[in-house]
$ cat protein35.cif   # mmCIF, C-alpha atoms
data_protein
#
loop_
_atom_site.group_PDB
_atom_site.id
_atom_site.type_symbol
_atom_site.label_atom_id
_atom_site.label_comp_id
_atom_site.auth_asym_id
_atom_site.auth_seq_id
_atom_site.Cartn_x
_atom_site.Cartn_y
_atom_site.Cartn_z
ATOM 1 C CA GLU A 1175 -4.617 -1.794 -19.740
ATOM 2 C CA ALA A 1176 -3.156 0.903 -17.495
ATOM 3 C CA ASP A 1177 0.265 2.372 -18.361
ATOM 4 C CA ILE A 1178 1.923 1.685 -15.053
ATOM 5 C CA TYR A 1179 4.952 -0.555 -14.802
ATOM 6 C CA GLN A 1180 6.811 -2.299 -12.027
ATOM 7 C CA THR A 1181 10.196 -3.986 -12.049
ATOM 8 C CA PRO A 1182 11.271 -6.528 -11.159
ATOM 9 C CA ARG A 1183 8.145 -8.691 -11.233
ATOM 10 C CA TYR A 1184 9.781 -11.287 -8.981
ATOM 11 C CA LEU A 1185 12.760 -10.918 -6.644
ATOM 12 C CA VAL A 1186 14.382 -13.450 -4.338
ATOM 13 C CA ILE A 1187 17.092 -11.942 -2.185
ATOM 14 C CA GLY A 1188 19.075 -12.713 0.949
ATOM 15 C CA THR A 1189 18.671 -11.075 4.331
ATOM 16 C CA GLY A 1190 20.495 -7.779 4.775
ATOM 17 C CA LYS A 1191 20.578 -6.791 1.106
ATOM 18 C CA LYS A 1192 19.474 -3.373 -0.083
ATOM 19 C CA ILE A 1193 16.732 -3.450 -2.699
ATOM 20 C CA THR A 1194 14.844 -0.932 -4.793
ATOM 21 C CA LEU A 1195 11.494 -1.706 -6.362
ATOM 22 C CA GLU A 1196 10.811 0.418 -9.418
ATOM 23 C CA CYS A 1197 7.466 1.931 -10.396
ATOM 24 C CA SER A 1198 6.784 4.211 -13.332
ATOM 25 C CA GLN A 1199 3.658 5.521 -15.057
ATOM 26 C CA THR A 1200 3.162 7.302 -18.343
ATOM 27 C CA MET A 1201 -0.284 8.772 -17.636
ATOM 28 C CA GLY A 1202 0.990 12.022 -16.116
ATOM 29 C CA HIS A 1203 -0.745 11.270 -12.824
ATOM 30 C CA ASP A 1204 0.227 13.367 -9.810
ATOM 31 C CA LYS A 1205 -0.817 10.899 -7.121
ATOM 32 C CA MET A 1206 1.112 7.657 -6.648
ATOM 33 C CA TYR A 1207 0.839 4.922 -4.031
ATOM 34 C CA TRP A 1208 2.569 1.829 -2.711
ATOM 35 C CA TYR A 1209 0.544 -1.035 -1.245
ATOM 36 C CA GLN A 1210 1.620 -4.237 0.458
ATOM 37 C CA GLN A 1211 -0.464 -7.391 0.037
ATOM 38 C CA ASP A 1212 -0.005 -10.787 1.657
ATOM 39 C CA PRO A 1213 -1.767 -13.873 0.189
ATOM 40 C CA GLY A 1214 -5.494 -13.892 0.946
ATOM 41 C CA MET A 1215 -5.272 -10.569 2.752
ATOM 42 C CA GLU A 1216 -6.356 -7.035 1.967
ATOM 43 C CA LEU A 1217 -4.100 -4.380 0.448
ATOM 44 C CA HIS A 1218 -2.441 -2.052 2.948
ATOM 45 C CA LEU A 1219 -1.256 1.434 2.002
ATOM 46 C CA ILE A 1220 2.394 1.934 3.021
ATOM 47 C CA HIS A 1221 3.384 5.128 1.135
ATOM 48 C CA TYR A 1222 1.796 7.779 -1.060
ATOM 49 C CA SER A 1223 2.745 10.934 -2.893
ATOM 50 C CA TYR A 1224 0.747 13.958 -4.088
ATOM 51 C CA GLY A 1225 3.427 14.986 -6.567
ATOM 52 C CA VAL A 1226 7.115 15.735 -7.020
ATOM 53 C CA ASN A 1227 8.998 16.073 -3.704
ATOM 54 C CA SER A 1228 5.896 14.954 -1.771
ATOM 55 C CA THR A 1229 5.952 11.661 0.149
ATOM 56 C CA GLU A 1230 3.827 10.477 3.062
ATOM 57 C CA LYS A 1231 3.599 7.318 5.128
ATOM 58 C CA GLY A 1232 0.463 5.244 4.797
ATOM 59 C CA ASP A 1233 -1.603 3.326 7.319
ATOM 60 C CA LEU A 1234 0.662 0.311 7.641
ATOM 61 C CA SER A 1235 4.036 0.961 9.220
ATOM 62 C CA SER A 1236 6.834 -0.003 6.877
ATOM 63 C CA GLU A 1237 10.598 0.057 7.109
ATOM 64 C CA SER A 1238 10.770 0.985 3.434
ATOM 65 C CA THR A 1239 11.337 4.483 2.089
ATOM 66 C CA VAL A 1240 10.199 6.175 -1.104
ATOM 67 C CA SER A 1241 11.205 9.148 -3.212
ATOM 68 C CA ARG A 1242 9.445 11.238 -5.867
ATOM 69 C CA ILE A 1243 11.960 13.207 -7.892
ATOM 70 C CA ARG A 1244 10.071 12.884 -11.167
ATOM 71 C CA THR A 1245 6.319 12.781 -11.728
ATOM 72 C CA GLU A 1246 6.425 9.461 -13.518
ATOM 73 C CA HIS A 1247 8.739 7.626 -11.132
ATOM 74 C CA PHE A 1248 8.077 6.428 -7.551
ATOM 75 C CA PRO A 1249 10.707 3.910 -6.372
ATOM 76 C CA LEU A 1250 10.537 2.052 -3.051
ATOM 77 C CA THR A 1251 13.724 1.129 -1.186
ATOM 78 C CA LEU A 1252 14.484 -1.317 1.593
ATOM 79 C CA GLU A 1253 17.908 -0.613 3.097
ATOM 80 C CA SER A 1254 18.257 -4.033 4.733
ATOM 81 C CA ALA A 1255 15.821 -6.727 3.647
ATOM 82 C CA ARG A 1256 14.455 -9.191 6.219
ATOM 83 C CA PRO A 1257 12.242 -12.289 5.857
ATOM 84 C CA SER A 1258 9.357 -10.269 7.362
ATOM 85 C CA HIS A 1259 9.483 -8.083 4.226
ATOM 86 C CA THR A 1260 8.413 -11.032 2.080
ATOM 87 C CA SER A 1261 5.197 -9.908 0.398
ATOM 88 C CA GLN A 1262 3.653 -8.581 -2.799
ATOM 89 C CA TYR A 1263 4.191 -4.862 -3.406
ATOM 90 C CA LEU A 1264 1.726 -3.032 -5.657
ATOM 91 C CA CYS A 1265 2.209 0.445 -7.078
ATOM 92 C CA ALA A 1266 -0.745 2.593 -8.179
ATOM 93 C CA SER A 1267 -1.417 6.058 -9.554
ATOM 94 C CA SER A 1268 -4.372 8.414 -9.981
ATOM 95 C CA LYS A 1269 -5.274 11.889 -11.163
ATOM 96 C CA GLN A 1270 -5.073 14.743 -8.655
ATOM 97 C CA GLN A 1271 -8.613 15.901 -9.333
ATOM 98 C CA GLY A 1272 -11.857 14.103 -9.888
ATOM 99 C CA ASP A 1273 -14.230 12.420 -7.505
ATOM 100 C CA PRO A 1274 -14.339 9.534 -7.515
ATOM 101 C CA TYR A 1275 -10.777 9.252 -8.727
ATOM 102 C CA GLU A 1276 -9.727 6.072 -10.461
ATOM 103 C CA GLN A 1277 -6.641 4.253 -9.169
ATOM 104 C CA TYR A 1278 -4.636 2.298 -11.707
ATOM 105 C CA PHE A 1279 -2.469 -0.529 -10.422
ATOM 106 C CA GLY A 1280 0.773 -1.949 -11.712
ATOM 107 C CA PRO A 1281 1.323 -5.720 -12.015
ATOM 108 C CA GLY A 1282 3.137 -5.922 -8.689
ATOM 109 C CA THR A 1283 6.518 -7.152 -7.454
ATOM 110 C CA ARG A 1284 6.593 -10.385 -5.493
ATOM 111 C CA LEU A 1285 9.481 -10.137 -3.031
ATOM 112 C CA THR A 1286 10.912 -13.123 -1.178
ATOM 113 C CA VAL A 1287 13.624 -12.550 1.400
ATOM 114 C CA THR A 1288 15.496 -15.684 2.441
ATOM 115 C CA LYS B 1477 -13.764 0.980 13.083
ATOM 116 C CA ASN B 1478 -13.973 1.297 9.312
ATOM 117 C CA GLN B 1479 -14.115 -2.160 7.767
ATOM 118 C CA VAL B 1480 -15.028 -3.954 4.568
ATOM 119 C CA GLU B 1481 -16.173 -7.570 4.824
ATOM 120 C CA GLN B 1482 -16.652 -9.842 1.819
ATOM 121 C CA SER B 1483 -18.407 -13.163 1.426
ATOM 122 C CA PRO B 1484 -17.959 -15.869 0.518
ATOM 123 C CA GLN B 1485 -14.208 -16.133 0.989
ATOM 124 C CA SER B 1486 -14.042 -18.509 -1.985
ATOM 125 C CA LEU B 1487 -16.473 -19.818 -4.571
ATOM 126 C CA ILE B 1488 -16.356 -22.489 -7.259
ATOM 127 C CA ILE B 1489 -18.867 -22.449 -10.098
ATOM 128 C CA LEU B 1490 -19.239 -24.152 -13.468
ATOM 129 C CA GLU B 1491 -18.666 -22.258 -16.676
ATOM 130 C CA GLY B 1492 -21.824 -20.572 -17.924
ATOM 131 C CA LYS B 1493 -23.402 -20.248 -14.483
ATOM 132 C CA ASN B 1494 -24.186 -16.992 -12.685
ATOM 133 C CA CYS B 1495 -22.924 -15.986 -9.265
ATOM 134 C CA THR B 1496 -23.232 -13.157 -6.756
ATOM 135 C CA LEU B 1497 -20.540 -11.876 -4.439
ATOM 136 C CA GLN B 1498 -21.345 -9.868 -1.313
ATOM 137 C CA CYS B 1499 -19.718 -6.888 0.388
ATOM 138 C CA ASN B 1500 -20.700 -5.284 3.713
ATOM 139 C CA TYR B 1501 -18.985 -2.163 4.967
ATOM 140 C CA THR B 1502 -18.923 0.091 7.996
ATOM 141 C CA VAL B 1503 -16.916 2.933 6.411
ATOM 142 C CA SER B 1504 -18.190 6.364 7.333
ATOM 143 C CA PRO B 1505 -18.501 8.928 5.916
ATOM 144 C CA PHE B 1506 -19.089 7.129 2.630
ATOM 145 C CA SER B 1507 -17.878 8.479 -0.710
ATOM 146 C CA ASN B 1508 -17.874 5.639 -3.211
ATOM 147 C CA LEU B 1509 -17.603 1.878 -3.570
ATOM 148 C CA ARG B 1510 -15.488 0.048 -6.122
ATOM 149 C CA TRP B 1511 -15.198 -3.516 -7.303
ATOM 150 C CA TYR B 1512 -11.826 -4.671 -8.600
ATOM 151 C CA LYS B 1513 -10.798 -7.891 -10.344
ATOM 152 C CA GLN B 1514 -7.355 -9.207 -9.478
ATOM 153 C CA ASP B 1515 -5.891 -12.037 -11.515
ATOM 154 C CA THR B 1516 -3.284 -14.198 -9.795
ATOM 155 C CA GLY B 1517 0.065 -12.421 -9.765
ATOM 156 C CA ARG B 1518 -1.371 -9.213 -11.223
ATOM 157 C CA GLY B 1519 -2.540 -5.850 -9.934
ATOM 158 C CA PRO B 1520 -6.257 -5.107 -9.392
ATOM 159 C CA VAL B 1521 -8.261 -3.785 -12.339
ATOM 160 C CA SER B 1522 -11.338 -1.632 -11.760
ATOM 161 C CA LEU B 1523 -14.726 -3.087 -12.774
ATOM 162 C CA THR B 1524 -17.151 -0.477 -11.416
ATOM 163 C CA ILE B 1525 -17.242 2.620 -9.199
ATOM 164 C CA MET B 1526 -20.501 3.710 -7.557
ATOM 165 C CA THR B 1527 -21.211 6.874 -5.622
ATOM 166 C CA PHE B 1528 -23.848 7.390 -2.948
ATOM 167 C CA SER B 1529 -26.573 8.240 -5.451
ATOM 168 C CA GLU B 1530 -26.042 5.198 -7.668
ATOM 169 C CA ASN B 1531 -27.606 1.863 -6.801
ATOM 170 C CA THR B 1532 -26.600 -0.182 -9.821
ATOM 171 C CA LYS B 1533 -23.876 -0.124 -12.445
ATOM 172 C CA SER B 1534 -22.982 -2.587 -15.162
ATOM 173 C CA ASN B 1535 -19.774 -3.386 -17.010
ATOM 174 C CA GLY B 1536 -20.451 -6.111 -19.564
ATOM 175 C CA ARG B 1537 -21.335 -9.306 -17.718
ATOM 176 C CA TYR B 1538 -20.602 -7.649 -14.356
ATOM 177 C CA THR B 1539 -23.389 -5.819 -12.502
ATOM 178 C CA ALA B 1540 -22.775 -4.152 -9.169
ATOM 179 C CA THR B 1541 -25.491 -2.980 -6.789
ATOM 180 C CA LEU B 1542 -25.252 -0.659 -3.819
ATOM 181 C CA ASP B 1543 -27.596 -0.139 -0.878
ATOM 182 C CA ALA B 1544 -26.123 2.801 1.014
ATOM 183 C CA ASP B 1545 -28.773 2.529 3.735
ATOM 184 C CA THR B 1546 -27.836 -1.019 4.721
ATOM 185 C CA LYS B 1547 -24.192 -0.512 3.674
ATOM 186 C CA GLN B 1548 -24.217 -3.518 1.392
ATOM 187 C CA SER B 1549 -23.064 -4.120 -2.149
ATOM 188 C CA SER B 1550 -23.127 -7.103 -4.446
ATOM 189 C CA LEU B 1551 -21.358 -8.040 -7.663
ATOM 190 C CA HIS B 1552 -23.308 -10.277 -10.012
ATOM 191 C CA ILE B 1553 -21.474 -12.147 -12.748
ATOM 192 C CA THR B 1554 -23.589 -13.473 -15.591
ATOM 193 C CA ALA B 1555 -22.737 -16.429 -17.838
ATOM 194 C CA SER B 1556 -19.363 -17.006 -16.207
ATOM 195 C CA GLN B 1557 -16.277 -17.731 -18.286
ATOM 196 C CA LEU B 1558 -13.014 -19.450 -17.408
ATOM 197 C CA SER B 1559 -11.308 -16.052 -17.565
ATOM 198 C CA ASP B 1560 -13.512 -14.842 -14.701
ATOM 199 C CA SER B 1561 -11.395 -16.952 -12.329
ATOM 200 C CA ALA B 1562 -9.788 -14.307 -10.101
ATOM 201 C CA SER B 1563 -10.074 -12.524 -6.779
ATOM 202 C CA TYR B 1564 -12.819 -9.884 -6.633
ATOM 203 C CA ILE B 1565 -12.104 -7.083 -4.209
ATOM 204 C CA CYS B 1566 -14.594 -4.630 -2.738
ATOM 205 C CA VAL B 1567 -13.099 -1.221 -1.905
ATOM 206 C CA VAL B 1568 -14.827 1.658 -0.102
ATOM 207 C CA SER B 1569 -13.639 5.262 -0.054
ATOM 208 C CA ASP B 1570 -14.417 7.777 2.669
ATOM 209 C CA ARG B 1571 -14.751 11.524 2.480
ATOM 210 C CA GLY B 1572 -12.868 12.086 5.685
ATOM 211 C CA SER B 1573 -9.560 13.154 4.215
ATOM 212 C CA THR B 1574 -8.052 14.937 1.249
ATOM 213 C CA LEU B 1575 -6.624 11.629 0.148
ATOM 214 C CA GLY B 1576 -10.050 9.960 0.017
ATOM 215 C CA ARG B 1577 -8.805 6.927 1.873
ATOM 216 C CA LEU B 1578 -9.538 3.494 0.428
ATOM 217 C CA TYR B 1579 -10.591 0.552 2.624
ATOM 218 C CA PHE B 1580 -10.005 -2.825 1.013
ATOM 219 C CA GLY B 1581 -11.805 -6.094 1.587
ATOM 220 C CA ARG B 1582 -9.879 -9.375 1.517
ATOM 221 C CA GLY B 1583 -11.566 -10.432 -1.672
ATOM 222 C CA THR B 1584 -13.619 -13.396 -2.863
ATOM 223 C CA GLN B 1585 -11.589 -15.985 -4.739
ATOM 224 C CA LEU B 1586 -13.728 -17.174 -7.666
ATOM 225 C CA THR B 1587 -12.840 -20.312 -9.593
ATOM 226 C CA VAL B 1588 -14.733 -21.169 -12.766
ATOM 227 C CA TRP B 1589 -14.518 -24.797 -13.848
ATOM 228 C CA PRO B 1590 -15.165 -26.027 -17.384
#
$ encode --input "protein35.cif" --output "structure tokens"
Amino acid sequence: EADIYQTPRYLVIGTGKKITLECSQTMGHDKMYWYQQDPGMELHLIHYSYGVNSTEKGDLSSESTVSRIRTEHFPLTLESARPSHTSQYLCASSKQQGDPYEQYFGPGTRLTVT
Amino acid sequence: KNQVEQSPQSLIILEGKNCTLQCNYTVSPFSNLRWYKQDTGRGPVSLTIMTFSENTKSNGRYTATLDADTKQSSLHITASQLSDSASYICVVSDRGSTLGRLYFGRGTQLTVWP
């Protein structure tokens, strides 16, 4: 079982609210990622980070933002939630070196915006 | 366009039976191919990772094969158990970027009945 945690696991919130999804890992990994996954669909990379103070946008455009102030912590924020943000959000981490590098996933946060 | 296609989309088998899941990809250049197991409401967990030079890899009752020439992979599950019920995701990594970008399939939803 990977040591990567996400909170909350489930969140139902009204339109316009600001939300932060938490992700933390205790493996000392430099690389961290956020994916978005809709039911029956593939995972889409929305943000990633190579290390502290490094953040990049992924392949799927997202209105969310991320920060990486500490190695172990990679929170995702939505300033104003909308129903279109309803989805499952998965956080992952991996070592900086090594090919192929293993990605370890958290349990996910299922977000519903009403 | 880099893509990963999986078949079948869903599969129902009886406990104790074997099954084979298929993955075709067009990702180029190719670095490695992974199979993940994703339980409902959980994050994906890695089963196997294969590089270009490997054509088979086992993990307990799971055996993955890779044909890099035809760009096909399969995941064979032997003596299925109820706990094998999950989505099985094929993921291909390219060598085209520092990040080693991952391309995800939509998964095969396997249900094992008693």
$ closest_residue --input "protein35.cif" --among "B:Leu1490, B:Leu1558, B:Gly1519, B:Asn1531" --to "chain A" --atoms "all atoms listed in the file"
B:Gly1519
$ closest_residue --input "protein35.cif" --among "A:Gly1202, A:Pro1182, A:Gly1214, A:Gly1232" --to "chain B" --atoms "only C-alpha atoms"
A:Gly1214
$ interface_residues --input "protein35.cif" --of "chain A" --to "chain B" --cutoff "8 Å" --atoms "only C-alpha atoms" --output "list of chain:residue names"
A:Gly1214, A:Met1215, A:Glu1216, A:Leu1217, A:His1218, A:Leu1264, A:Pro1274, A:Glu1276, A:Gln1277, A:Tyr1278, A:Phe1279, A:Gly1280, A:Pro1281, A:Gly1282
$ resolve_selection --input "protein35.cif" --expression "the PyMOL selection byres ((chain A and resi 1186-1200) around 10)" --output "PyMOL selection string"
chain A and resi 1176-1185+1201-1203+1206-1208+1238-1240+1244-1260+1263-1268+1278-1288
$ resolve_selection --input "protein35.cif" --expression "the PyMOL selection byres ((chain B and resi 1532-1546) around 12)" --output "PyMOL selection string"
chain B and resi 1492-1513+1522-1531+1547-1557+1560+1564+1566+1568
$ atom_distance --input "protein35.cif" --atom1 "atom CA of Pro1484 of chain B" --atom2 "atom CA of Trp1589 of chain B"
17.3 Å
$ atom_distance --input "protein35.cif" --atom1 "atom CA of Ser1261 of chain A" --atom2 "atom CA of Asp1212 of chain A"
5.4 Å
$ resolve_selection --input "protein35.cif" --expression "the PyMOL selection byres ((chain A and resi 1230) around 12)" --output "PyMOL selection string"
(chain A and resi 1205-1208+1219-1229+1231-1236+1238-1242) or (chain B and resi 1575)
$ write_last_selection --input "protein35.cif" --atoms "C-alpha atoms" --output "mmCIF file, in the frame of the given file"
data_model
loop_
_atom_site.group_PDB
_atom_site.id
_atom_site.type_symbol
_atom_site.label_atom_id
_atom_site.label_comp_id
_atom_site.auth_asym_id
_atom_site.auth_seq_id
_atom_site.Cartn_x
_atom_site.Cartn_y
_atom_site.Cartn_z
ATOM 1 C CA LYS A 1205 -0.817 10.899 -7.121
ATOM 2 C CA MET A 1206 1.112 7.657 -6.648
ATOM 3 C CA TYR A 1207 0.839 4.922 -4.031
ATOM 4 C CA TRP A 1208 2.569 1.829 -2.711
ATOM 5 C CA LEU A 1219 -1.256 1.434 2.002
ATOM 6 C CA ILE A 1220 2.394 1.934 3.021
ATOM 7 C CA HIS A 1221 3.384 5.128 1.135
ATOM 8 C CA TYR A 1222 1.796 7.779 -1.060
ATOM 9 C CA SER A 1223 2.745 10.934 -2.893
ATOM 10 C CA TYR A 1224 0.747 13.958 -4.088
ATOM 11 C CA GLY A 1225 3.427 14.986 -6.567
ATOM 12 C CA VAL A 1226 7.115 15.735 -7.020
ATOM 13 C CA ASN A 1227 8.998 16.073 -3.704
ATOM 14 C CA SER A 1228 5.896 14.954 -1.771
ATOM 15 C CA THR A 1229 5.952 11.661 0.149
ATOM 16 C CA LYS A 1231 3.599 7.318 5.128
ATOM 17 C CA GLY A 1232 0.463 5.244 4.797
ATOM 18 C CA ASP A 1233 -1.603 3.326 7.319
ATOM 19 C CA LEU A 1234 0.662 0.311 7.641
ATOM 20 C CA SER A 1235 4.036 0.961 9.220
ATOM 21 C CA SER A 1236 6.834 -0.003 6.877
ATOM 22 C CA SER A 1238 10.770 0.985 3.434
ATOM 23 C CA THR A 1239 11.337 4.483 2.089
ATOM 24 C CA VAL A 1240 10.199 6.175 -1.104
ATOM 25 C CA SER A 1241 11.205 9.148 -3.212
ATOM 26 C CA ARG A 1242 9.445 11.238 -5.867
ATOM 27 C CA LEU B 1575 -6.624 11.629 0.148
#
$ atom_distance --input "protein35.cif" --atom1 "atom CA of Ser1486 of chain B" --atom2 "atom CA of Leu1586 of chain B"
5.8 Å
$ build_atoms --input "protein35.cif" --residues "segment 1497-1507 of chain B" --atoms "all heavy atoms" --output "PDB file, in the coordinates of the input"
ATOM      1  N   LEU B1497     -21.486 -12.079  -5.529  1.00  0.00           N
ATOM      2  CA  LEU B1497     -20.540 -11.876  -4.439  1.00  0.00           C
ATOM      3  C   LEU B1497     -21.050 -10.735  -3.558  1.00  0.00           C
ATOM      4  O   LEU B1497     -21.623  -9.767  -4.065  1.00  0.00           O
ATOM      5  CB  LEU B1497     -19.150 -11.530  -5.007  1.00  0.00           C
ATOM      6  CG  LEU B1497     -18.652 -12.409  -6.158  1.00  0.00           C
ATOM      7  CD1 LEU B1497     -17.271 -11.942  -6.601  1.00  0.00           C
ATOM      8  CD2 LEU B1497     -18.668 -13.863  -5.803  1.00  0.00           C
ATOM      9  N   GLN B1498     -20.800 -10.833  -2.253  1.00  0.00           N
ATOM     10  CA  GLN B1498     -21.345  -9.868  -1.313  1.00  0.00           C
ATOM     11  C   GLN B1498     -20.252  -9.037  -0.654  1.00  0.00           C
ATOM     12  O   GLN B1498     -19.121  -9.500  -0.446  1.00  0.00           O
ATOM     13  CB  GLN B1498     -22.134 -10.583  -0.214  1.00  0.00           C
ATOM     14  CG  GLN B1498     -23.291 -11.426  -0.713  1.00  0.00           C
ATOM     15  CD  GLN B1498     -24.425 -10.584  -1.266  1.00  0.00           C
ATOM     16  OE1 GLN B1498     -24.524  -9.383  -1.026  1.00  0.00           O
ATOM     17  NE2 GLN B1498     -25.299 -11.219  -2.050  1.00  0.00           N
ATOM     18  N   CYS B1499     -20.634  -7.796  -0.303  1.00  0.00           N
ATOM     19  CA  CYS B1499     -19.718  -6.888   0.388  1.00  0.00           C
ATOM     20  C   CYS B1499     -20.513  -6.084   1.404  1.00  0.00           C
ATOM     21  O   CYS B1499     -21.516  -5.458   1.043  1.00  0.00           O
ATOM     22  CB  CYS B1499     -19.041  -5.961  -0.621  1.00  0.00           C
ATOM     23  SG  CYS B1499     -18.021  -4.664   0.112  1.00  0.00           S
ATOM     24  N   ASN B1500     -20.109  -6.108   2.660  1.00  0.00           N
ATOM     25  CA  ASN B1500     -20.700  -5.284   3.713  1.00  0.00           C
ATOM     26  C   ASN B1500     -19.618  -4.358   4.242  1.00  0.00           C
ATOM     27  O   ASN B1500     -18.460  -4.770   4.408  1.00  0.00           O
ATOM     28  CB  ASN B1500     -21.227  -6.150   4.864  1.00  0.00           C
ATOM     29  CG  ASN B1500     -22.367  -7.051   4.436  1.00  0.00           C
ATOM     30  OD1 ASN B1500     -23.081  -6.748   3.494  1.00  0.00           O
ATOM     31  ND2 ASN B1500     -22.526  -8.164   5.124  1.00  0.00           N
ATOM     32  N   TYR B1501     -19.993  -3.113   4.510  1.00  0.00           N
ATOM     33  CA  TYR B1501     -18.985  -2.163   4.967  1.00  0.00           C
ATOM     34  C   TYR B1501     -19.509  -1.327   6.117  1.00  0.00           C
ATOM     35  O   TYR B1501     -20.712  -1.175   6.310  1.00  0.00           O
ATOM     36  CB  TYR B1501     -18.519  -1.260   3.817  1.00  0.00           C
ATOM     37  CG  TYR B1501     -19.598  -0.390   3.223  1.00  0.00           C
ATOM     38  CD1 TYR B1501     -19.826   0.898   3.699  1.00  0.00           C
ATOM     39  CD2 TYR B1501     -20.388  -0.858   2.167  1.00  0.00           C
ATOM     40  CE1 TYR B1501     -20.820   1.695   3.155  1.00  0.00           C
ATOM     41  CE2 TYR B1501     -21.376  -0.059   1.625  1.00  0.00           C
ATOM     42  CZ  TYR B1501     -21.597   1.210   2.115  1.00  0.00           C
ATOM     43  OH  TYR B1501     -22.583   1.992   1.578  1.00  0.00           O
ATOM     44  N   THR B1502     -18.568  -0.794   6.891  1.00  0.00           N
ATOM     45  CA  THR B1502     -18.923   0.091   7.996  1.00  0.00           C
ATOM     46  C   THR B1502     -18.233   1.445   7.840  1.00  0.00           C
ATOM     47  O   THR B1502     -18.182   2.229   8.800  1.00  0.00           O
ATOM     48  CB  THR B1502     -18.533  -0.533   9.352  1.00  0.00           C
ATOM     49  OG1 THR B1502     -17.112  -0.771   9.356  1.00  0.00           O
ATOM     50  CG2 THR B1502     -19.268  -1.843   9.588  1.00  0.00           C
ATOM     51  N   VAL B1503     -17.674   1.705   6.655  1.00  0.00           N
ATOM     52  CA  VAL B1503     -16.916   2.933   6.411  1.00  0.00           C
ATOM     53  C   VAL B1503     -17.844   4.140   6.474  1.00  0.00           C
ATOM     54  O   VAL B1503     -18.891   4.172   5.837  1.00  0.00           O
ATOM     55  CB  VAL B1503     -16.218   2.880   5.045  1.00  0.00           C
ATOM     56  CG1 VAL B1503     -15.495   4.196   4.755  1.00  0.00           C
ATOM     57  CG2 VAL B1503     -15.254   1.706   4.974  1.00  0.00           C
ATOM     58  N   SER B1504     -17.419   5.137   7.224  1.00  0.00           N
ATOM     59  CA  SER B1504     -18.190   6.364   7.333  1.00  0.00           C
ATOM     60  C   SER B1504     -17.243   7.538   7.549  1.00  0.00           C
ATOM     61  O   SER B1504     -16.284   7.429   8.338  1.00  0.00           O
ATOM     62  CB  SER B1504     -19.166   6.248   8.518  1.00  0.00           C
ATOM     63  OG  SER B1504     -19.944   7.416   8.635  1.00  0.00           O
ATOM     64  N   PRO B1505     -17.471   8.685   6.916  1.00  0.00           N
ATOM     65  CA  PRO B1505     -18.501   8.928   5.916  1.00  0.00           C
ATOM     66  C   PRO B1505     -18.188   8.208   4.603  1.00  0.00           C
ATOM     67  O   PRO B1505     -17.040   7.939   4.303  1.00  0.00           O
ATOM     68  CB  PRO B1505     -18.440  10.441   5.728  1.00  0.00           C
ATOM     69  CG  PRO B1505     -17.022  10.794   6.066  1.00  0.00           C
ATOM     70  CD  PRO B1505     -16.624   9.866   7.168  1.00  0.00           C
ATOM     71  N   PHE B1506     -19.228   7.917   3.859  1.00  0.00           N
ATOM     72  CA  PHE B1506     -19.089   7.129   2.630  1.00  0.00           C
ATOM     73  C   PHE B1506     -18.950   8.051   1.426  1.00  0.00           C
ATOM     74  O   PHE B1506     -19.639   9.059   1.312  1.00  0.00           O
ATOM     75  CB  PHE B1506     -20.323   6.245   2.460  1.00  0.00           C
ATOM     76  CG  PHE B1506     -20.380   5.515   1.148  1.00  0.00           C
ATOM     77  CD1 PHE B1506     -19.755   4.294   0.993  1.00  0.00           C
ATOM     78  CD2 PHE B1506     -21.063   6.055   0.065  1.00  0.00           C
ATOM     79  CE1 PHE B1506     -19.813   3.612  -0.212  1.00  0.00           C
ATOM     80  CE2 PHE B1506     -21.120   5.390  -1.146  1.00  0.00           C
ATOM     81  CZ  PHE B1506     -20.495   4.159  -1.286  1.00  0.00           C
ATOM     82  N   SER B1507     -18.022   7.720   0.529  1.00  0.00           N
ATOM     83  CA  SER B1507     -17.878   8.479  -0.710  1.00  0.00           C
ATOM     84  C   SER B1507     -18.244   7.623  -1.920  1.00  0.00           C
ATOM     85  O   SER B1507     -19.091   8.014  -2.710  1.00  0.00           O
ATOM     86  CB  SER B1507     -16.458   9.004  -0.868  1.00  0.00           C
ATOM     87  OG  SER B1507     -16.303   9.634  -2.117  1.00  0.00           O
TER      88      SER B1507
END
